[in-house]
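Asker: Below is the file entry_6.cif, with mmCIF, C-alpha atoms.
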data_start
#
loop_
_atom_site.label_atom_id
_atom_site.label_comp_id
_atom_site.auth_asym_id
_atom_site.auth_seq_id
_atom_site.Cartn_x
_atom_site.Cartn_y
_atom_site.Cartn_z
CA MET A 1 79.04 11.38 -107.78
CA ASN A 2 81.33 8.99 -105.93
CA ALA A 3 84.08 10.59 -103.92
CA ASP A 4 87.09 8.98 -102.30
CA LYS A 5 86.90 11.42 -99.43
CA VAL A 6 84.52 14.07 -98.11
CA LEU A 7 85.61 17.33 -96.49
CA ASP A 8 83.08 19.27 -94.46
CA ALA A 9 84.04 22.95 -94.56
CA LYS A 10 80.57 24.27 -93.74
CA GLY A 11 80.50 27.36 -91.58
CA LEU A 12 84.12 28.20 -92.32
CA ALA A 13 85.00 31.61 -93.71
CA CYS A 14 87.56 32.36 -96.37
CA PRO A 15 90.43 31.37 -96.50
CA MET A 16 89.71 28.21 -94.48
CA PRO A 17 87.71 26.19 -97.07
CA ILE A 18 90.64 26.39 -99.48
CA VAL A 19 93.27 25.91 -96.77
CA LYS A 20 91.54 22.70 -95.63
CA THR A 21 90.88 21.45 -99.16
CA ARG A 22 94.50 21.94 -100.06
CA LYS A 23 95.66 20.06 -96.96
CA GLU A 24 93.28 17.19 -97.66
CA MET A 25 94.38 17.00 -101.27
CA LYS A 26 98.01 16.63 -100.26
CA ASP A 27 97.25 13.26 -98.65
CA MET A 28 95.38 11.97 -101.68
CA GLU A 29 96.56 10.15 -104.78
CA SER A 30 96.44 11.64 -108.23
CA GLY A 31 93.10 10.78 -109.87
CA GLN A 32 91.21 10.48 -106.58
CA ILE A 33 88.13 12.61 -106.02
CA LEU A 34 87.50 14.87 -103.04
CA GLU A 35 84.02 16.12 -102.25
CA ILE A 36 83.90 19.43 -100.37
CA LEU A 37 80.94 20.99 -98.59
CA ALA A 38 81.10 24.72 -97.92
CA THR A 39 78.77 27.57 -97.03
CA ASP A 40 81.05 30.51 -97.82
CA LYS A 41 79.66 31.92 -101.07
CA GLY A 42 83.06 33.16 -102.15
CA ALA A 43 84.24 29.54 -102.24
CA LYS A 44 82.57 29.05 -105.60
CA ALA A 45 84.82 31.36 -107.57
CA ASP A 46 87.86 30.67 -105.41
CA MET A 47 87.61 26.88 -105.56
CA THR A 48 87.31 27.10 -109.35
CA ALA A 49 90.35 29.37 -109.62
CA TRP A 50 92.35 27.38 -107.09
CA ALA A 51 91.71 24.03 -108.81
CA LYS A 52 92.82 25.52 -112.10
CA SER A 53 95.97 27.07 -110.68
CA GLY A 54 96.84 23.83 -108.86
CA GLY A 55 96.30 21.62 -111.90
CA HIS A 56 93.28 19.82 -110.43
CA GLU A 57 90.05 19.15 -112.22
CA LEU A 58 86.84 20.64 -110.83
CA LEU A 59 84.32 18.05 -111.94
CA GLU A 60 81.10 19.54 -110.63
CA ILE A 61 79.58 22.20 -108.42
CA GLU A 62 76.15 21.75 -106.90
CA GLU A 63 74.15 24.23 -104.84
CA ALA A 64 71.71 22.76 -102.36
CA GLY A 65 70.14 25.57 -100.35
CA ASP A 66 72.96 27.34 -98.53
CA VAL A 67 75.43 24.52 -99.07
CA LEU A 68 77.87 24.42 -101.96
CA LYS A 69 79.21 21.02 -103.00
CA PHE A 70 82.36 20.61 -105.02
CA TRP A 71 83.91 17.50 -106.56
CA ILE A 72 87.56 17.93 -107.37
CA LYS A 73 89.82 15.33 -108.98
CA LYS A 74 93.42 15.55 -107.91
CA GLY A 75 95.79 16.35 -110.76
CA MET B 76 101.74 39.47 -83.47
CA THR B 77 98.98 41.73 -84.67
CA VAL B 78 98.83 43.42 -88.01
CA LYS B 79 97.09 46.73 -88.37
CA ALA B 80 93.78 47.33 -90.06
CA MET B 81 93.09 50.17 -92.45
CA THR B 82 89.45 51.22 -92.63
CA ALA B 83 87.54 51.88 -95.84
CA LYS B 84 87.29 55.50 -94.69
CA GLU B 85 91.07 55.82 -94.45
CA VAL B 86 91.49 54.29 -97.90
CA ALA B 87 88.84 56.66 -99.28
CA ARG B 88 90.75 59.65 -97.91
CA LYS B 89 93.94 58.39 -99.54
CA VAL B 90 92.17 57.99 -102.88
CA ILE B 91 90.59 61.45 -102.71
CA ASP B 92 93.86 63.08 -101.65
CA ASN B 93 95.72 61.10 -104.32
CA GLU B 94 98.17 59.70 -101.78
CA PRO B 95 100.46 56.84 -102.78
CA LEU B 96 99.38 53.33 -101.85
CA PHE B 97 100.39 49.84 -102.87
CA ILE B 98 97.60 47.29 -102.95
CA LEU B 99 98.30 43.58 -102.76
CA ASP B 100 94.92 42.21 -103.82
CA VAL B 101 94.68 38.54 -102.86
CA ARG B 102 91.30 37.80 -104.44
CA ASN B 103 91.16 35.50 -107.46
CA GLY B 104 92.15 36.97 -110.82
CA ASP B 105 88.61 37.27 -112.19
CA ALA B 106 87.35 39.17 -109.15
CA PHE B 107 90.29 41.56 -109.37
CA ALA B 108 89.82 42.12 -113.11
CA ASP B 109 86.11 42.79 -112.60
CA TRP B 110 86.35 45.31 -109.78
CA LYS B 111 89.06 46.77 -107.57
CA ILE B 112 89.94 49.80 -105.48
CA GLU B 113 90.64 52.51 -108.03
CA GLY B 114 92.85 55.51 -107.47
CA GLY B 115 95.21 57.77 -109.35
CA ASN B 116 98.26 56.98 -107.23
CA ILE B 117 97.71 53.31 -106.48
CA GLN B 118 100.03 50.52 -107.61
CA TYR B 119 98.71 46.98 -107.68
CA LEU B 120 99.77 43.39 -107.44
CA ASN B 121 97.15 40.67 -107.73
CA THR B 122 98.22 37.31 -106.33
CA PRO B 123 95.40 35.06 -105.08
CA TYR B 124 95.72 34.04 -101.43
CA PHE B 125 95.61 30.37 -102.36
CA ASP B 126 98.87 30.79 -104.27
CA LEU B 127 100.49 32.20 -101.12
CA LEU B 128 99.63 29.41 -98.69
CA ASP B 129 103.13 27.94 -98.91
CA GLY B 130 104.72 31.29 -98.20
CA VAL B 131 104.85 34.89 -99.29
CA GLU B 132 108.55 34.97 -100.20
CA GLU B 133 107.87 35.27 -103.90
CA VAL B 134 105.77 38.43 -103.55
CA VAL B 135 107.98 40.11 -100.94
CA SER B 136 110.53 41.08 -103.57
CA GLU B 137 107.80 42.79 -105.58
CA LEU B 138 106.59 45.00 -102.75
CA PRO B 139 107.84 48.59 -102.57
CA LYS B 140 109.63 49.95 -99.51
CA ASP B 141 108.59 53.55 -100.03
CA ARG B 142 104.79 53.37 -99.88
CA ASP B 143 102.15 51.97 -97.56
CA ILE B 144 101.12 48.42 -98.40
CA LEU B 145 97.51 47.35 -98.08
CA VAL B 146 96.39 43.74 -98.43
CA VAL B 147 92.87 43.44 -99.80
CA CYS B 148 90.46 40.52 -100.15
CA ALA B 149 86.72 40.02 -100.42
CA LYS B 150 85.74 39.92 -96.76
CA GLU B 151 88.95 40.39 -94.75
CA GLY B 152 89.87 36.84 -93.69
CA SER B 153 92.48 36.07 -96.33
CA SER B 154 93.99 39.54 -96.19
CA VAL B 155 94.60 39.18 -92.44
CA MET B 156 96.32 35.87 -93.06
CA VAL B 157 98.54 37.27 -95.82
CA ALA B 158 99.34 40.45 -93.84
CA GLU B 159 100.43 38.26 -90.92
CA MET B 160 102.61 36.17 -93.20
CA LEU B 161 104.18 39.35 -94.56
CA ASP B 162 104.73 40.57 -91.01
CA GLU B 163 106.67 37.39 -90.27
CA GLU B 164 108.89 38.18 -93.23
CA GLY B 165 109.52 41.64 -91.79
CA VAL B 166 107.19 43.48 -94.18
CA ASP B 167 104.94 46.13 -92.69
CA ALA B 168 101.51 45.76 -94.29
CA ALA B 169 97.96 46.60 -93.25
CA TYR B 170 94.79 44.77 -94.26
CA LEU B 171 91.53 46.35 -95.41
CA GLU B 172 89.06 46.08 -92.55
CA GLY B 173 85.92 44.34 -93.81
CA GLY B 174 87.48 43.74 -97.23
CA MET B 175 85.88 44.78 -100.51
CA LYS B 176 82.47 44.46 -98.88
CA ALA B 177 83.29 47.34 -96.55
CA TRP B 178 84.80 49.22 -99.47
CA SER B 179 81.58 48.76 -101.43
CA GLU B 180 79.51 50.09 -98.54
CA HIS B 181 81.59 53.09 -97.51
CA LEU B 182 79.98 56.49 -98.03
CA GLU B 183 81.97 59.69 -97.85
CA PRO B 184 79.84 62.81 -97.27
CA VAL B 185 81.15 65.81 -99.21
CA LYS B 186 79.62 69.28 -99.08
CA VAL B 187 78.70 70.42 -102.58
CA GLY B 188 77.64 73.94 -101.71
CA ASP B 189 75.36 76.35 -99.86
CA LEU B 190 71.75 76.99 -100.72
CA LYS B 191 70.75 80.57 -101.48
CA ASN B 192 68.39 81.20 -98.60
CA GLY B 193 70.43 79.29 -96.07
CA GLY B 194 71.08 75.59 -96.00
CA GLU B 195 73.53 73.13 -97.42
CA LEU B 196 73.72 70.43 -100.02
CA TYR B 197 75.74 67.27 -99.41
CA GLN B 198 76.80 64.55 -101.78
CA PHE B 199 77.40 61.06 -100.38
CA VAL B 200 80.12 59.47 -102.44
CA ARG B 201 80.00 55.68 -102.42
CA ILE B 202 83.54 55.55 -103.62
CA GLY B 203 83.89 51.79 -104.03
CA LYS B 204 80.84 51.39 -106.21
CA GLY B 205 80.45 54.79 -107.77
CA CYS B 206 76.98 55.60 -106.41
CA LEU B 207 76.12 59.19 -105.47
CA SER B 208 73.34 60.17 -103.08
CA TYR B 209 72.30 63.60 -101.90
CA MET B 210 70.92 65.40 -98.88
CA ALA B 211 69.66 68.96 -98.97
CA ILE B 212 69.30 70.51 -95.52
CA SER B 213 67.60 73.75 -94.66
CA ASP B 214 66.23 75.12 -91.44
CA GLY B 215 65.88 71.80 -89.64
CA GLU B 216 64.43 69.88 -92.56
CA ALA B 217 66.07 67.61 -95.07
CA ALA B 218 65.40 65.91 -98.39
CA VAL B 219 67.30 62.81 -99.51
CA ILE B 220 67.79 61.82 -103.14
CA ASP B 221 68.89 58.41 -104.45
CA ALA B 222 69.84 57.01 -101.05
CA THR B 223 71.81 53.77 -100.94
CA ARG B 224 71.06 50.70 -98.83
CA MET B 225 73.13 51.94 -95.86
CA THR B 226 70.25 53.94 -94.40
CA ASP B 227 71.88 54.49 -90.99
CA ILE B 228 74.45 56.78 -92.54
CA PHE B 229 71.73 59.13 -93.82
CA LEU B 230 69.68 58.94 -90.64
CA ASP B 231 72.72 59.64 -88.45
CA PHE B 232 73.92 62.45 -90.67
CA ALA B 233 70.55 64.22 -90.56
CA GLN B 234 70.46 63.82 -86.79
CA GLU B 235 73.96 65.23 -86.47
CA LYS B 236 72.83 68.26 -88.47
CA GLY B 237 69.67 68.57 -86.37
CA ALA B 238 67.44 68.03 -89.40
CA LYS B 239 64.31 65.97 -89.86
CA ILE B 240 64.08 64.11 -93.15
CA LYS B 241 60.78 65.10 -94.77
CA HIS B 242 61.13 64.01 -98.39
CA VAL B 243 62.88 61.02 -99.94
CA PHE B 244 63.25 60.69 -103.72
CA ASP B 245 64.57 58.16 -106.15
CA THR B 246 65.21 59.59 -109.61
CA HIS B 247 64.39 56.17 -111.05
CA LEU B 248 64.07 52.50 -110.16
CA HIS B 249 67.71 51.55 -109.65
CA ALA B 250 69.19 48.42 -111.21
CA ASP B 251 72.73 48.49 -109.86
CA HIS B 252 72.18 49.03 -106.16
CA ILE B 253 69.47 48.54 -103.59
CA SER B 254 67.70 51.76 -102.70
CA GLY B 255 67.58 52.94 -99.12
CA GLY B 256 64.73 55.31 -99.96
CA ARG B 257 61.87 53.24 -98.66
CA GLY B 258 63.76 52.33 -95.47
CA ILE B 259 64.57 55.96 -94.70
CA ALA B 260 60.97 57.01 -95.34
CA GLU B 261 59.70 54.27 -93.02
CA ALA B 262 62.16 55.23 -90.28
CA THR B 263 61.39 58.94 -90.41
CA GLY B 264 57.80 59.21 -91.59
CA ALA B 265 59.01 61.08 -94.66
CA THR B 266 57.24 60.88 -98.00
CA TYR B 267 58.86 58.49 -100.49
CA TYR B 268 58.55 59.59 -104.09
CA LEU B 269 59.08 57.43 -107.17
CA PRO B 270 58.35 58.14 -110.84
CA PRO B 271 55.08 56.28 -111.52
CA ALA B 272 56.26 54.97 -114.90
CA ASP B 273 59.07 53.07 -113.13
CA ALA B 274 56.86 51.99 -110.26
CA GLU B 275 54.12 50.02 -112.02
CA GLU B 276 55.17 46.79 -110.35
CA VAL B 277 56.10 48.07 -106.89
CA VAL B 278 54.22 46.47 -104.03
CA PHE B 279 54.30 49.34 -101.51
CA ASP B 280 52.73 52.78 -101.28
CA TYR B 281 54.65 55.72 -102.67
CA ALA B 282 53.99 59.29 -103.72
CA GLU B 283 54.09 60.04 -107.42
CA LEU B 284 57.07 61.94 -108.65
CA VAL B 285 55.76 63.78 -111.69
CA ASN B 286 56.91 66.55 -113.97
CA GLY B 287 56.61 69.94 -112.32
CA LEU B 288 56.28 68.61 -108.76
CA GLU B 289 57.71 71.13 -106.35
CA VAL B 290 58.49 70.57 -102.70
CA ALA B 291 60.03 72.98 -100.22
CA ILE B 292 62.29 72.14 -97.32
CA GLY B 293 62.63 74.37 -94.28
CA ASP B 294 61.34 77.86 -93.84
CA ALA B 295 63.91 78.98 -96.34
CA LYS B 296 61.78 77.33 -99.04
CA ILE B 297 64.42 75.52 -100.93
CA GLU B 298 62.58 74.36 -103.97
CA ILE B 299 63.06 71.01 -105.55
CA GLU B 300 61.54 70.84 -108.98
CA ALA B 301 61.07 67.61 -110.88
CA LEU B 302 61.86 67.38 -114.58
CA TYR B 303 60.75 64.30 -116.48
CA SER B 304 63.75 63.00 -118.43
CA PRO B 305 63.24 59.39 -119.58
CA GLY B 306 65.86 57.27 -121.32
CA HIS B 307 67.77 55.25 -118.75
CA THR B 308 64.42 54.04 -117.54
CA ILE B 309 61.00 55.12 -118.76
CA GLY B 310 60.34 57.02 -115.54
CA SER B 311 63.73 58.68 -115.01
CA THR B 312 63.22 62.13 -113.53
CA SER B 313 65.77 64.86 -112.86
CA PHE B 314 65.64 67.50 -110.16
CA ILE B 315 66.50 71.15 -110.09
CA VAL B 316 67.35 72.18 -106.54
CA ASP B 317 67.38 75.81 -105.50
CA ASP B 318 67.71 76.96 -109.13
CA GLN B 319 71.39 76.02 -108.87
CA TYR B 320 71.78 72.27 -109.04
CA LEU B 321 70.62 69.74 -111.62
CA MET B 322 70.40 66.19 -110.32
CA THR B 323 70.48 64.06 -113.42
CA GLY B 324 70.06 60.59 -111.93
CA ASP B 325 71.38 58.03 -114.41
CA ILE B 326 70.65 60.09 -117.52
CA LEU B 327 73.76 62.25 -117.65
CA PHE B 328 77.08 61.65 -115.93
CA ILE B 329 80.23 63.77 -115.92
CA ASP B 330 82.11 61.79 -118.54
CA SER B 331 79.40 59.54 -119.97
CA ILE B 332 75.65 59.15 -120.40
CA GLY B 333 73.09 56.66 -119.10
CA ARG B 334 72.52 53.31 -120.77
CA PRO B 335 68.96 52.53 -121.82
CA ASP B 336 69.00 48.73 -121.56
CA LEU B 337 68.85 47.81 -117.88
CA ALA B 338 65.09 47.57 -117.83
CA GLY B 339 65.26 45.59 -121.05
CA LEU B 340 64.13 48.14 -123.60
CA ALA B 341 67.19 49.74 -125.16
CA GLU B 342 65.68 50.09 -128.63
CA ASP B 343 62.48 51.65 -127.32
CA TRP B 344 64.12 54.14 -125.02
CA VAL B 345 67.00 55.38 -127.07
CA GLY B 346 64.79 58.07 -128.58
CA ASP B 347 63.69 59.23 -125.14
CA LEU B 348 67.30 59.32 -124.00
CA ARG B 349 68.29 61.52 -126.93
CA GLU B 350 65.30 63.80 -126.39
CA SER B 351 66.11 64.21 -122.68
CA LEU B 352 69.78 64.96 -123.28
CA TYR B 353 69.69 66.91 -126.52
CA SER B 354 66.42 68.82 -126.13
CA ARG B 355 65.26 69.02 -122.50
CA TYR B 356 68.68 69.51 -120.94
CA ALA B 357 69.79 71.80 -123.77
CA GLU B 358 67.06 74.25 -122.76
CA LEU B 359 68.35 74.53 -119.20
CA ALA B 360 70.79 77.15 -117.93
CA ASP B 361 74.47 76.42 -118.56
CA GLU B 362 75.23 77.57 -115.02
CA LEU B 363 73.36 74.66 -113.39
CA VAL B 364 75.74 72.34 -111.57
CA VAL B 365 75.18 68.77 -112.71
CA LEU B 366 75.05 66.23 -109.88
CA PRO B 367 74.64 62.70 -111.23
CA ALA B 368 73.71 59.48 -109.41
CA HIS B 369 76.97 57.78 -110.39
CA PHE B 370 80.54 58.15 -111.40
CA MET B 371 82.43 55.52 -113.34
CA ILE B 372 86.09 56.52 -113.14
CA MET B 373 88.16 58.37 -110.56
CA ASP B 374 88.92 61.12 -113.08
CA GLU B 375 85.33 62.28 -112.60
CA LEU B 376 86.06 63.26 -108.99
CA ASN B 377 86.92 66.88 -108.24
CA GLU B 378 89.81 67.68 -105.92
CA ASN B 379 87.58 67.77 -102.85
CA GLY B 380 86.15 64.35 -103.69
CA SER B 381 82.86 65.65 -105.06
CA VAL B 382 81.43 64.74 -108.45
CA ALA B 383 79.93 67.88 -109.98
CA LYS B 384 80.36 70.01 -113.07
CA LYS B 385 78.48 72.82 -114.80
CA LEU B 386 75.99 71.77 -117.46
CA GLY B 387 77.55 74.19 -119.94
CA ASP B 388 80.93 72.49 -119.52
CA LEU B 389 79.38 69.07 -120.06
CA PHE B 390 77.78 70.23 -123.31
CA LYS B 391 81.31 71.13 -124.44
CA GLU B 392 83.24 68.17 -123.03
CA ASN B 393 80.99 65.13 -122.61
CA HIS B 394 81.25 62.93 -125.70
CA GLY B 395 77.73 61.58 -125.17
CA LEU B 396 76.24 65.08 -125.54
CA ASN B 397 78.10 65.76 -128.75
CA ILE B 398 77.02 63.12 -131.22
CA GLU B 399 75.22 64.97 -133.98
CA ASP B 400 74.25 61.97 -136.05
CA GLU B 401 71.19 60.29 -134.59
CA GLN B 402 72.05 56.85 -135.96
CA GLU B 403 75.54 57.06 -134.50
CA PHE B 404 74.01 57.96 -131.15
CA ARG B 405 71.55 55.09 -131.44
CA ASP B 406 74.36 52.63 -132.18
CA MET B 407 76.50 53.86 -129.33
CA VAL B 408 73.84 53.38 -126.68
CA THR B 409 72.44 50.08 -127.95
CA LYS B 410 75.47 48.21 -129.27
CA ASN B 411 78.66 47.06 -127.58
CA LEU B 412 77.26 47.88 -124.16
CA PRO B 413 79.36 47.02 -121.11
CA PRO B 414 78.30 43.95 -119.09
CA GLN B 415 75.18 44.47 -117.02
CA PRO B 416 75.59 45.07 -113.28
CA ASN B 417 75.75 42.04 -111.03
CA ALA B 418 72.31 40.60 -110.17
CA TYR B 419 70.54 43.60 -111.71
CA GLN B 420 67.24 41.80 -112.17
CA ASP B 421 67.14 40.77 -108.51
CA ILE B 422 68.15 44.29 -107.49
CA ARG B 423 65.23 45.72 -109.48
CA SER B 424 62.85 43.22 -107.87
CA THR B 425 64.17 44.19 -104.43
CA ASN B 426 63.67 47.86 -105.17
CA MET B 427 60.10 47.08 -106.21
CA GLY B 428 59.54 45.34 -102.89
CA LYS B 429 58.80 42.02 -104.64
CA ILE B 430 61.61 40.21 -102.85
CA THR B 431 63.23 40.93 -99.51
CA PRO B 432 66.61 39.22 -99.35
CA ASP B 433 68.45 39.28 -96.03
CA GLU B 434 71.26 41.76 -95.58
CA GLU B 435 74.06 39.33 -96.42
CA VAL B 436 72.39 38.41 -99.70
CA GLN B 437 71.80 42.11 -100.50
CA ARG B 438 75.53 42.71 -100.03
CA GLU B 439 76.40 39.89 -102.40
CA MET B 440 73.94 41.22 -104.98
CA GLU B 441 75.65 44.60 -105.00
CA ILE B 442 79.20 43.29 -105.46
CA GLY B 443 81.07 44.92 -108.31
CA PRO B 444 81.00 48.24 -110.14
CA ASN B 445 77.77 50.03 -111.08
CA ARG B 446 77.98 49.93 -114.90
CA CYS B 447 75.08 52.28 -115.55
CA ALA B 448 76.78 54.29 -118.27
CA VAL B 449 77.84 54.12 -121.89
CA ARG B 450 80.90 56.03 -123.02
#
Once more with this new file: its structure as structure tokens, please.
Answerer:
Amino acid sequence: MNADKVLDAKGLACPMPIVKTRKEMKDMESGQILEILATDKGAKADMTAWAKSGGHELLEIEEAGDVLKFWIKKG
Amino acid sequence: MTVKAMTAKEVARKVIDNEPLFILDVRNGDAFADWKIEGGNIQYLNTPYFDLLDGVEEVVSELPKDRDILVVCAKEGSSVMVAEMLDEEGVDAAYLEGGMKAWSEHLEPVKVGDLKNGGELYQFVRIGKGCLSYMAISDGEAAVIDATRMTDIFLDFAQEKGAKIKHVFDTHLHADHISGGRGIAEATGATYYLPPADAEEVVFDYAELVNGLEVAIGDAKIEIEALYSPGHTIGSTSFIVDDQYLMTGDILFIDSIGRPDLAGLAEDWVGDLRESLYSRYAELADELVVLPAHFMIMDELNENGSVAKKLGDLFKENHGLNIEDEQEFRDMVTKNLPPQPNAYQDIRSTNMGKITPDEEVQREMEIGPNRCAVR
């Protein structure tokens, strides 16, 4: 999937993946897509819940080994 | 600026002593709804940490001034952040050290009673997950039953008591938590017993736990007698210890009974479950103190934190032992069952020795409540 920006949050523990994603999102335009890489397993449920609560659209989650990839469209 | 930590042990003491506590749980809503720190005198507020990143002002007004405030998250990180933000707003709040993971792993040893010819019986209450393990100690020897994954706690406890662990039992192949039985046996040279009917697929050596097996611990000859009682699993076996205590595994709990579906055969095993509860247990002495392998709700804890009740009382009070109609019983234990425990298939495979996940993965697998009962 094509992303407008990629955020590498690998190796970061909760709450940092969300803190960084949120910061990145603030600088993006509505409709743009951010790809996030994370290794914190808790990020899966939290990213889903955060996107929902923030009005963003979580387009896809992919697990490749230890790495979780998220594609979120800014709402 | 440092905020203080509260350990899982301190929280456990508060829960057992029914002390007031206010928990600000900052995990996401689903995680909170699925599993939280339970207690009779706990008030809760669940606001996910990601809704507090702009500031905690909106929750400050909802926090009480007259009870301790504890911020809780999955692994600690977010709760430290939120506790620090609260501190900046002048609110005194602690965070749970190690988060819900530490809560899930905490074991609280509680003495259940003395053994007749000298010796003691301890129950290890895994308060966050509802698992119960046991250690009988007599004359420098010990037996461990249904040990959890945190083997060091059992090894250290035995050492503290000057006892050598000789026998390790699992009442059945567990589906909700990873057994520490094999690890303890390997560390101590003790014999590890499993019911053979549950152990057909295990890939390590074990001793067969069969009906009528008796072992003694210490010179005082505390007898542990096995009683085959299938239903939760096909191999489920109970123990009578010292003619006083009945360890029921996951067949009979204080306020519920075991579910027959976690090994996939609810319909086949419901008859066994009824037979074990309504015939085999009914023949035993009312005075036996029932010690199960789980509790589901805090109401099942006695005032000292133990989970134990006389068999005679359970035959009067436990709904699951008082369903006369066989079809009604069958429906209750096979229909409308609660969700299955997290990762229960992988947990079973781990307990069989088929897979060996690393510790972090094992922790993740065990997240959540035990869900071994039907009520």
Asker: Which residues fall under the PyMOL selection byres ((chain A) within 8 of (chain B)) in this file, as a JSON list (two decimals) with C-alpha atoms, in the coordinates of the input?
Answerer:
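So the final result, stored in expr-v8.json, reads:
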[["chain", "number", "residue", "atom", "x", "y", "z"],
["A", 13, "ALA", "CA", 85.00, 31.61, -93.71],
["A", 14, "CYS", "CA", 87.56, 32.36, -96.37],
["A", 15, "PRO", "CA", 90.43, 31.37, -96.50],
["A", 18, "ILE", "CA", 90.64, 26.39, -99.48],
["A", 19, "VAL", "CA", 93.27, 25.91, -96.77],
["A", 42, "GLY", "CA", 83.06, 33.16, -102.15],
["A", 45, "ALA", "CA", 84.82, 31.36, -107.57],
["A", 46, "ASP", "CA", 87.86, 30.67, -105.41],
["A", 49, "ALA", "CA", 90.35, 29.37, -109.62],
["A", 50, "TRP", "CA", 92.35, 27.38, -107.09],
["A", 53, "SER", "CA", 95.97, 27.07, -110.68]]
Asker: Hey, can you check how far atom CA of B:Gly443 sits from atom CA of B:Asp347?
Answerer: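 Spanning atom CA of B:Gly443 to atom CA of B:Asp347 is a straight-line distance of 28.1 Å.
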Asker: Residues near B:Ala177, anyone? I mean within 10 Å using all atoms listed in the file, not counting same-chain ones fewer than 2 positions away, as a PyMOL selection string.
Answerer: chain B and resi 82-84+149-151+171-175+179-182+203+438
Asker: Just the residues within 8 Å of A:Gly11, please, counting all atoms listed in the file, with nothing from its chain fewer than 3 positions along; format it as a short mmCIF file (atom, residue, chain, number, x, y, z; two decimals) with C-alpha atoms, keeping the file's coordinate frame.
Answerer:
data_model
loop_
_atom_site.label_atom_id
_atom_site.label_comp_id
_atom_site.auth_asym_id
_atom_site.auth_seq_id
_atom_site.Cartn_x
_atom_site.Cartn_y
_atom_site.Cartn_z
CA ALA A 38 81.10 24.72 -97.92
CA THR A 39 78.77 27.57 -97.03
CA ASP A 40 81.05 30.51 -97.82
#
Asker: May I have the residues within 12 Å of A:Ala64 as a list in words, using all atoms listed in the file and disregarding those fewer than 3 positions away in the same chain?
Answerer: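 The contact residues come out as Leu37, Ala38, Thr39, Ile61, Val67, Leu68, Lys69 and Phe70 of chain A.
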Asker: Do you know which residues are at most 10 Å from B:Ile112 counting only C-alpha atoms, after dropping those on the same chain fewer than 4 positions away, and could you put them as a list of chain:residue names?
Answerer: B:Val86, B:Ala87, B:Val90, B:Ile98, B:Asp100, B:Phe107, B:Ile117, B:Tyr119, B:Val147, B:Met175, B:Trp178, B:Ser179, B:Ile202, B:Gly203, B:Lys204
Asker: I need the residues from that last selection saved to file as an mmCIF file, keeping the file's coordinate frame (with C-alpha atoms), if you can.
Answerer:
data_model
loop_
_atom_site.group_PDB
_atom_site.id
_atom_site.type_symbol
_atom_site.label_atom_id
_atom_site.label_comp_id
_atom_site.auth_asym_id
_atom_site.auth_seq_id
_atom_site.Cartn_x
_atom_site.Cartn_y
_atom_site.Cartn_z
ATOM 1 C CA VAL B 86 91.490 54.290 -97.900
ATOM 2 C CA ALA B 87 88.840 56.660 -99.280
ATOM 3 C CA VAL B 90 92.170 57.990 -102.880
ATOM 4 C CA ILE B 98 97.600 47.290 -102.950
ATOM 5 C CA ASP B 100 94.920 42.210 -103.820
ATOM 6 C CA PHE B 107 90.290 41.560 -109.370
ATOM 7 C CA ILE B 117 97.710 53.310 -106.480
ATOM 8 C CA TYR B 119 98.710 46.980 -107.680
ATOM 9 C CA VAL B 147 92.870 43.440 -99.800
ATOM 10 C CA MET B 175 85.880 44.780 -100.510
ATOM 11 C CA TRP B 178 84.800 49.220 -99.470
ATOM 12 C CA SER B 179 81.580 48.760 -101.430
ATOM 13 C CA ILE B 202 83.540 55.550 -103.620
ATOM 14 C CA GLY B 203 83.890 51.790 -104.030
ATOM 15 C CA LYS B 204 80.840 51.390 -106.210
#
Asker: As a list in words, please: the residues near A:Gly55 (cut-off 10 Å, all atoms listed in the file, same-chain neighbours under 6 positions excluded).
Answerer: Lys73, Lys74 and Gly75 of chain A
Asker: Tell me which residues the PyMOL selection byres ((chain B and resi 272) around 9) grabs here, as a list in words.
Answerer: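 Applied to this file, the PyMOL selection byres ((chain B and resi 272) around 9) selects Leu269, Pro270, Pro271, Asp273, Ala274, Glu275, Thr308, Ile309, Gly310 and Ser311 of chain B.
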Asker: Give the answer as one residue: which of B:Glu441, B:Glu216, B:Asp330, B:Glu163 has the shortest atom-to-atom distance to B:Met373, using only C-alpha atoms?
Answerer: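 Counting only C-alpha atoms, the residue closest to B:Met373 is B:Asp330.
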Asker: Evaluate the PyMOL selection byres ((chain B and resi 344) around 9) and record the selected residues as a list in words, following the chain and residue labels used in the document.
Answerer: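 After applying the PyMOL selection byres ((chain B and resi 344) around 9), what remains is Pro305, Gly306, His307, Thr308, Ile309, Pro335, Asp336, Leu340, Ala341, Glu342, Asp343, Val345, Gly346, Asp347, Leu348 and Arg349 of chain B.
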Asker: Go ahead and write the selection's residues with C-alpha atoms as an mmCIF file, in the frame of the given file.
Answerer:
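Saved as result_36.cif:
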data_model
loop_
_atom_site.group_PDB
_atom_site.id
_atom_site.type_symbol
_atom_site.label_atom_id
_atom_site.label_comp_id
_atom_site.auth_asym_id
_atom_site.auth_seq_id
_atom_site.Cartn_x
_atom_site.Cartn_y
_atom_site.Cartn_z
ATOM 1 C CA PRO B 305 63.240 59.390 -119.580
ATOM 2 C CA GLY B 306 65.860 57.270 -121.320
ATOM 3 C CA HIS B 307 67.770 55.250 -118.750
ATOM 4 C CA THR B 308 64.420 54.040 -117.540
ATOM 5 C CA ILE B 309 61.000 55.120 -118.760
ATOM 6 C CA PRO B 335 68.960 52.530 -121.820
ATOM 7 C CA ASP B 336 69.000 48.730 -121.560
ATOM 8 C CA LEU B 340 64.130 48.140 -123.600
ATOM 9 C CA ALA B 341 67.190 49.740 -125.160
ATOM 10 C CA GLU B 342 65.680 50.090 -128.630
ATOM 11 C CA ASP B 343 62.480 51.650 -127.320
ATOM 12 C CA VAL B 345 67.000 55.380 -127.070
ATOM 13 C CA GLY B 346 64.790 58.070 -128.580
ATOM 14 C CA ASP B 347 63.690 59.230 -125.140
ATOM 15 C CA LEU B 348 67.300 59.320 -124.000
ATOM 16 C CA ARG B 349 68.290 61.520 -126.930
#
